[in-house]
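Each remark here refers to the structure printed beneath this line.
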Amino acid sequence: MKKISLLLVFILMLTLTSCSKIKTTNDSKEFCEYIYDISRGEIKRGAVIDLRDLETDYANGHIHGALSYNYKNQSEEHFITWITGLKSTDTQVLLIDSGNNEHQVIMNYLEKAGYKKILAYSLGYNNLKETSEFKQKVEVKTGTDDCGC
């Protein structure tokens, strides 16, 4: 009986970890494919969050539809309240930052809040926008009208 219980716990743990897809990538093709799928409605519950400064970086150019969140001036509690008010925890979240690993903090916040599908691009927005995948598949906007803030 004890062996069966341990086996069931092991299977449950495998099931729970396989449901989570939390990772960082430097693969621009993979990241741009997800952005493209969100923009076309292929991923019904998807969000791109831009962690760069709203007034300088985001306003000068960002992924169309990306939400802006400058986490540096806010707390974990503020971020979780903000994101859960906008997007349910079954949302696939893509994170883009300046390339200085700002996404790591937000990935932890999202995971604590119950998000299980998180992909962060580790090389930053400026690197991503220079790739051929970005130029072919991603629509860019300027200004702050669509920031979601």
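Labels for the structure tokens follow display order: chains A, B, ..., residues from 1 in each chain, ligands from 1.
For Tyr115 of chain A, the non-local neighbours within 6 Å, defined as residues at least 3 positions apart in the same chain or in other chains and counting only C-alpha atoms, are Thr89, Leu110 and Glu111 of chain A.
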Q | Spatial neighbours of segment 136-142 of chain A, 9 Å, only C-alpha atoms, chain gap at least 5 places, as a ChimeraX atom specification | A | /A:32-33,35-36,39,58-65,129,131
Using all heavy atoms, can you export the residues from the last selection as a compact mmCIF listing (two decimals), in the first residue's frame?
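That gives us part-v3.txt:
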```
# COMPACT_ATOMS: atom_id res chain seq x y z
N CYS A 32 9.33 34.98 -31.52
CA CYS A 32 8.54 35.69 -32.53
C CYS A 32 7.35 34.85 -33.00
O CYS A 32 6.29 35.41 -33.31
CB CYS A 32 9.41 36.11 -33.70
SG CYS A 32 10.55 37.44 -33.28
N GLU A 33 7.51 33.54 -33.05
CA GLU A 33 6.38 32.67 -33.42
C GLU A 33 5.25 32.80 -32.40
O GLU A 33 4.09 32.86 -32.78
CB GLU A 33 6.81 31.20 -33.52
CG GLU A 33 7.54 30.87 -34.79
CD GLU A 33 6.69 31.04 -36.05
OE1 GLU A 33 5.47 30.78 -36.03
OE2 GLU A 33 7.27 31.46 -37.07
N ILE A 35 4.68 35.44 -30.47
CA ILE A 35 4.10 36.78 -30.65
C ILE A 35 3.13 36.76 -31.83
O ILE A 35 2.02 37.27 -31.76
CB ILE A 35 5.20 37.83 -30.88
CG1 ILE A 35 6.05 38.01 -29.63
CG2 ILE A 35 4.58 39.18 -31.29
CD1 ILE A 35 7.31 38.81 -29.87
N TYR A 36 3.57 36.15 -32.92
CA TYR A 36 2.76 36.06 -34.14
C TYR A 36 1.48 35.27 -33.88
O TYR A 36 0.39 35.67 -34.30
CB TYR A 36 3.60 35.41 -35.24
CG TYR A 36 2.95 35.41 -36.60
CD1 TYR A 36 2.63 36.60 -37.24
CD2 TYR A 36 2.70 34.22 -37.26
CE1 TYR A 36 2.05 36.61 -38.50
CE2 TYR A 36 2.12 34.21 -38.52
CZ TYR A 36 1.79 35.41 -39.14
OH TYR A 36 1.22 35.41 -40.39
N SER A 39 -0.90 37.46 -31.94
CA SER A 39 -1.46 38.54 -32.76
C SER A 39 -2.52 38.02 -33.74
O SER A 39 -3.46 38.73 -34.06
CB SER A 39 -0.36 39.29 -33.51
OG SER A 39 0.20 38.48 -34.53
N TYR A 58 9.64 52.10 -24.36
CA TYR A 58 8.37 51.60 -24.90
C TYR A 58 7.77 52.61 -25.88
O TYR A 58 7.33 52.24 -26.96
CB TYR A 58 7.40 51.35 -23.74
CG TYR A 58 6.05 50.80 -24.15
CD1 TYR A 58 5.83 49.43 -24.21
CD2 TYR A 58 5.00 51.65 -24.47
CE1 TYR A 58 4.60 48.92 -24.58
CE2 TYR A 58 3.75 51.14 -24.84
CZ TYR A 58 3.56 49.78 -24.88
OH TYR A 58 2.33 49.28 -25.26
N ALA A 59 7.76 53.87 -25.52
CA ALA A 59 7.17 54.91 -26.37
C ALA A 59 7.88 55.02 -27.71
O ALA A 59 7.26 55.35 -28.73
CB ALA A 59 7.18 56.26 -25.66
N ASN A 60 9.17 54.73 -27.75
CA ASN A 60 9.94 54.84 -28.99
C ASN A 60 9.80 53.64 -29.91
O ASN A 60 10.21 53.69 -31.06
CB ASN A 60 11.41 55.08 -28.68
CG ASN A 60 11.63 56.47 -28.13
OD1 ASN A 60 10.95 57.42 -28.50
ND2 ASN A 60 12.56 56.59 -27.20
N GLY A 61 9.22 52.56 -29.42
CA GLY A 61 9.00 51.38 -30.25
C GLY A 61 8.78 50.15 -29.40
O GLY A 61 9.55 49.87 -28.51
N HIS A 62 7.66 49.46 -29.67
CA HIS A 62 7.32 48.26 -28.92
C HIS A 62 6.49 47.32 -29.78
O HIS A 62 5.98 47.72 -30.82
CB HIS A 62 6.55 48.62 -27.63
CG HIS A 62 5.27 49.35 -27.91
ND1 HIS A 62 5.22 50.73 -28.03
CD2 HIS A 62 4.00 48.91 -28.11
CE1 HIS A 62 3.97 51.09 -28.29
NE2 HIS A 62 3.21 50.01 -28.34
N ILE A 63 6.35 46.11 -29.33
CA ILE A 63 5.53 45.11 -30.01
C ILE A 63 4.08 45.56 -29.91
O ILE A 63 3.60 45.88 -28.81
CB ILE A 63 5.74 43.73 -29.36
CG1 ILE A 63 7.20 43.30 -29.54
CG2 ILE A 63 4.76 42.71 -29.92
CD1 ILE A 63 7.63 42.16 -28.64
N HIS A 64 3.40 45.59 -31.05
CA HIS A 64 2.00 46.01 -31.07
C HIS A 64 1.18 45.16 -30.09
O HIS A 64 1.24 43.94 -30.12
CB HIS A 64 1.42 45.88 -32.47
CG HIS A 64 -0.04 46.19 -32.55
ND1 HIS A 64 -0.54 47.42 -32.24
CD2 HIS A 64 -1.09 45.42 -32.89
CE1 HIS A 64 -1.85 47.41 -32.39
NE2 HIS A 64 -2.21 46.18 -32.79
N GLY A 65 0.46 45.83 -29.20
CA GLY A 65 -0.37 45.14 -28.22
C GLY A 65 0.34 44.75 -26.94
O GLY A 65 -0.30 44.25 -26.02
N LYS A 129 14.58 42.99 -32.08
CA LYS A 129 14.08 43.75 -33.23
C LYS A 129 15.04 43.73 -34.42
O LYS A 129 14.65 44.04 -35.54
CB LYS A 129 13.73 45.19 -32.84
CG LYS A 129 14.90 46.11 -32.67
CD LYS A 129 14.43 47.51 -32.38
CE LYS A 129 15.63 48.43 -32.32
NZ LYS A 129 15.26 49.81 -32.11
N THR A 131 16.46 40.95 -35.50
CA THR A 131 16.42 39.62 -36.12
C THR A 131 15.47 39.60 -37.31
O THR A 131 14.51 40.36 -37.37
CB THR A 131 15.99 38.54 -35.10
OG1 THR A 131 14.63 38.78 -34.72
CG2 THR A 131 16.89 38.54 -33.88
```
**Q.** Contact residues around Leu95 of chain A with only C-alpha atoms at 8 Å, ignoring same-chain residues under 4 positions, as an MDAnalysis selection string
**A.** chainID A and resid 48:51 103 118:121
Please produce a file of the residues just selected, as an mmCIF file, in the first residue's frame, where the atoms kept are C-alpha atoms.
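Output (part_30.cif):
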```cif
data_model
loop_
_atom_site.group_PDB
_atom_site.id
_atom_site.type_symbol
_atom_site.label_atom_id
_atom_site.label_comp_id
_atom_site.auth_asym_id
_atom_site.auth_seq_id
_atom_site.Cartn_x
_atom_site.Cartn_y
_atom_site.Cartn_z
ATOM 1 C CA VAL A 48 3.169 40.241 -24.167
ATOM 2 C CA ILE A 49 4.534 42.332 -21.303
ATOM 3 C CA ASP A 50 7.243 44.886 -22.039
ATOM 4 C CA LEU A 51 9.321 45.613 -18.929
ATOM 5 C CA HIS A 103 12.377 39.416 -16.674
ATOM 6 C CA ILE A 118 5.678 32.016 -19.183
ATOM 7 C CA LEU A 119 8.330 32.620 -21.820
ATOM 8 C CA ALA A 120 10.930 35.368 -21.480
ATOM 9 C CA TYR A 121 13.294 36.522 -24.207
#
```
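The space between atom CA of Tyr71 of chain A and atom CA of Ile106 of chain A spans 7.9 Å.
Take atom CA of Gly85 of chain A and atom CA of Ala47 of chain A: the distance between them is 13.0 Å.
What separates atom CA of Lys112 of chain A from atom CA of Asn73 of chain A is a distance of 19.3 Å.
Those residues that approach Leu54 of chain A to within 8 Å, counting only C-alpha atoms, are Asp57, Tyr58, Ala59, Ser68, Tyr69, Asn70 and Thr144 of chain A; same-chain residues fewer than 3 positions away are not listed.
DSSP, applied to the backbone of this structure, assigns strand (DSSP E) to the following residues of chain A: Lys21, Ile22, Lys23, Thr24, Thr25, Gly46, Ala47, Val48, Ile49, Asp50, His62, Ile63, Leu67, Ser68, Gln92, Val93, Leu94, Leu95, Ile96, Lys117, Ile118, Leu119, Ala120, Tyr121, Val140 and Lys141 of chain A.
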Q) Looking only at the backbone, which of the residues in chain A does DSSP tag as alpha helix (DSSP H), as a VMD selection string? A) chain A and resid 2 to 19 28 to 39 59 to 60 76 to 86 103 to 113 125 to 129 132 to 137
Q.
Residues near Asn100 of chain A, anyone? I mean within 9 Å using only C-alpha atoms, not counting same-chain ones fewer than 5 positions away, as a VMD selection string.
A. chain A and resid 122 to 124
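Among the candidate residues A:Tyr109, A:Glu102, A:Arg52, A:Cys147, the one lying nearest to Phe79 of chain A is A:Tyr109, with distances computed using only C-alpha atoms.
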